[in-house]
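Student: So that we are looking at the same thing, I have put the structure below in structure tokens.
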Amino acid sequence: MEINKGYLTSCTFDYLTNTFDNRMFVGTIFTFSYVLPMSLIIYYYSQIVSHVVNHEKALREQAKKMNVDSLRSNQNQANSSVEVRIAKAAITVCFLFVASWTPYAVLALIGAFGDKSLLTPGVTMFPACACKFVACLDPYVYAISHPRYRVELQKRLPWLAITETLPSDTASTTTEATTTNATASS
């Protein structure tokens, strides 16, 4: 049940043969390998984003009540919080999943239920390349969202104009200040 796709460089399931079994297979694979994962990804990533937004809003409201700019210690206001960076990475990965697998799903549906004359070798090659490209791109999305990786990129590739600073260690400065004050008062 395999056919070559595109330029005969790889194989996939047979979405072109017009039988009940093939249509049932394509419909099942579309539902359980595309619609269900897509729904779960969108639902759970939207929950992550909504929790981050609510958390940031609560922090701003609490800071406003306390008449301070931010509740975060030693944070430059230009830098976004870790939670916001995680939310941005989640949104990006979700978008990449949609962008990579939607063409493949549409191609399979056209092959099984639509006008097969639309499926030329070039058209069938695009979804395969998109999926492979996104699979290579995903690790970079996570890496670029990490502050230490961005600092290292800034050092090695200054022409990228990345402006990233790592937060200082607040615990050690607080400990030093407390120890100094305790020694002075003794």
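Just remember, in the structure tokens the first chain shown is A, the second B, etc., residues are 1-based per chain, and ligands are 1-based in the order shown.
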Can you tell me which residues surround Tyr34 of chain A at a distance of at most 12 Å, considering only C-alpha atoms, apart from same-chain residues fewer than 6 positions away, and format the answer as an mmCIF file with N, CA, C and O atoms, in the first residue's frame?
Tutor:
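Writing the result to around_29.cif gives the following:
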data_model
loop_
_atom_site.group_PDB
_atom_site.id
_atom_site.type_symbol
_atom_site.label_atom_id
_atom_site.label_comp_id
_atom_site.auth_asym_id
_atom_site.auth_seq_id
_atom_site.Cartn_x
_atom_site.Cartn_y
_atom_site.Cartn_z
ATOM 1 N N VAL A 26 -7.385 6.725 4.678
ATOM 2 C CA VAL A 26 -7.066 8.150 4.626
ATOM 3 C C VAL A 26 -7.938 8.928 5.613
ATOM 4 O O VAL A 26 -7.455 9.809 6.328
ATOM 5 N N GLY A 27 -9.220 8.594 5.667
ATOM 6 C CA GLY A 27 -10.114 9.263 6.613
ATOM 7 C C GLY A 27 -9.715 9.016 8.059
ATOM 8 O O GLY A 27 -9.732 9.930 8.891
ATOM 9 N N THR A 28 -9.333 7.787 8.364
ATOM 10 C CA THR A 28 -8.908 7.437 9.718
ATOM 11 C C THR A 28 -7.604 8.127 10.077
ATOM 12 O O THR A 28 -7.461 8.692 11.168
ATOM 13 N N LEU A 40 -5.674 18.783 20.107
ATOM 14 C CA LEU A 40 -5.017 18.716 21.413
ATOM 15 C C LEU A 40 -3.905 19.743 21.543
ATOM 16 O O LEU A 40 -3.778 20.407 22.588
ATOM 17 N N ILE A 41 -3.104 19.886 20.511
ATOM 18 C CA ILE A 41 -2.014 20.863 20.541
ATOM 19 C C ILE A 41 -2.571 22.271 20.705
ATOM 20 O O ILE A 41 -2.111 23.041 21.550
ATOM 21 N N ILE A 42 -3.560 22.604 19.915
ATOM 22 C CA ILE A 42 -4.137 23.948 20.003
ATOM 23 C C ILE A 42 -4.771 24.170 21.372
ATOM 24 O O ILE A 42 -4.578 25.218 21.990
ATOM 25 N N PHE A 97 3.629 23.372 13.403
ATOM 26 C CA PHE A 97 2.916 22.107 13.211
ATOM 27 C C PHE A 97 1.795 22.282 12.191
ATOM 28 O O PHE A 97 1.653 21.483 11.267
ATOM 29 N N VAL A 98 1.027 23.346 12.351
ATOM 30 C CA VAL A 98 -0.080 23.616 11.420
ATOM 31 C C VAL A 98 0.466 23.853 10.009
ATOM 32 O O VAL A 98 -0.044 23.299 9.033
ATOM 33 N N SER A 100 3.230 22.857 8.662
ATOM 34 C CA SER A 100 3.892 21.720 8.023
ATOM 35 C C SER A 100 2.938 20.594 7.667
ATOM 36 O O SER A 100 3.058 19.984 6.607
ATOM 37 N N TRP A 101 1.987 20.285 8.531
ATOM 38 C CA TRP A 101 1.134 19.121 8.300
ATOM 39 C C TRP A 101 -0.156 19.418 7.560
ATOM 40 O O TRP A 101 -0.769 18.502 6.998
ATOM 41 N N THR A 102 -0.597 20.654 7.513
ATOM 42 C CA THR A 102 -1.827 20.974 6.782
ATOM 43 C C THR A 102 -1.697 20.698 5.286
ATOM 44 O O THR A 102 -2.605 20.094 4.700
ATOM 45 N N PRO A 103 -0.598 21.100 4.621
ATOM 46 C CA PRO A 103 -0.496 20.757 3.194
ATOM 47 C C PRO A 103 -0.537 19.244 2.951
ATOM 48 O O PRO A 103 -1.133 18.783 1.976
ATOM 49 N N TYR A 104 0.088 18.480 3.826
ATOM 50 C CA TYR A 104 0.100 17.023 3.679
ATOM 51 C C TYR A 104 -1.316 16.460 3.836
ATOM 52 O O TYR A 104 -1.748 15.584 3.085
ATOM 53 N N ALA A 105 -2.057 16.969 4.823
ATOM 54 C CA ALA A 105 -3.424 16.504 5.045
ATOM 55 C C ALA A 105 -4.315 16.849 3.859
ATOM 56 O O ALA A 105 -5.121 16.025 3.402
ATOM 57 N N VAL A 106 -4.172 18.061 3.334
ATOM 58 C CA VAL A 106 -4.969 18.481 2.172
ATOM 59 C C VAL A 106 -4.633 17.619 0.966
ATOM 60 O O VAL A 106 -5.525 17.180 0.225
ATOM 61 N N ALA A 108 -3.530 14.510 0.928
ATOM 62 C CA ALA A 108 -4.103 13.169 1.099
ATOM 63 C C ALA A 108 -5.612 13.186 0.876
ATOM 64 O O ALA A 108 -6.159 12.266 0.253
ATOM 65 N N LEU A 109 -6.280 14.219 1.345
ATOM 66 C CA LEU A 109 -7.729 14.314 1.142
ATOM 67 C C LEU A 109 -8.078 14.508 -0.327
ATOM 68 O O LEU A 109 -9.040 13.908 -0.827
#
Student: Which residue is closest to Ile29 of chain A? Choose from A:Ala161, A:Cys136, A:Ala112, A:Leu153 and count only C-alpha atoms.
Tutor: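 Using only C-alpha atoms, the shortest distance to Ile29 of chain A belongs to A:Ala112.
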Student: Just list as a list in words whatever in segment 8-182 of chain A DSSP marks as strand (DSSP E).
Tutor: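 Assigned to strand (DSSP E), within segment 8-182 of chain A: Ser10, Cys11, Thr12 and Phe13 of chain A.
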Student: Could you tell me how far atom CA of Ser50 of chain A lies from atom CA of Val151 of chain A, in Å and to one decimal?
Tutor: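 If I compute the distance from atom CA of Ser50 of chain A to atom CA of Val151 of chain A, I get 28.2 Å.
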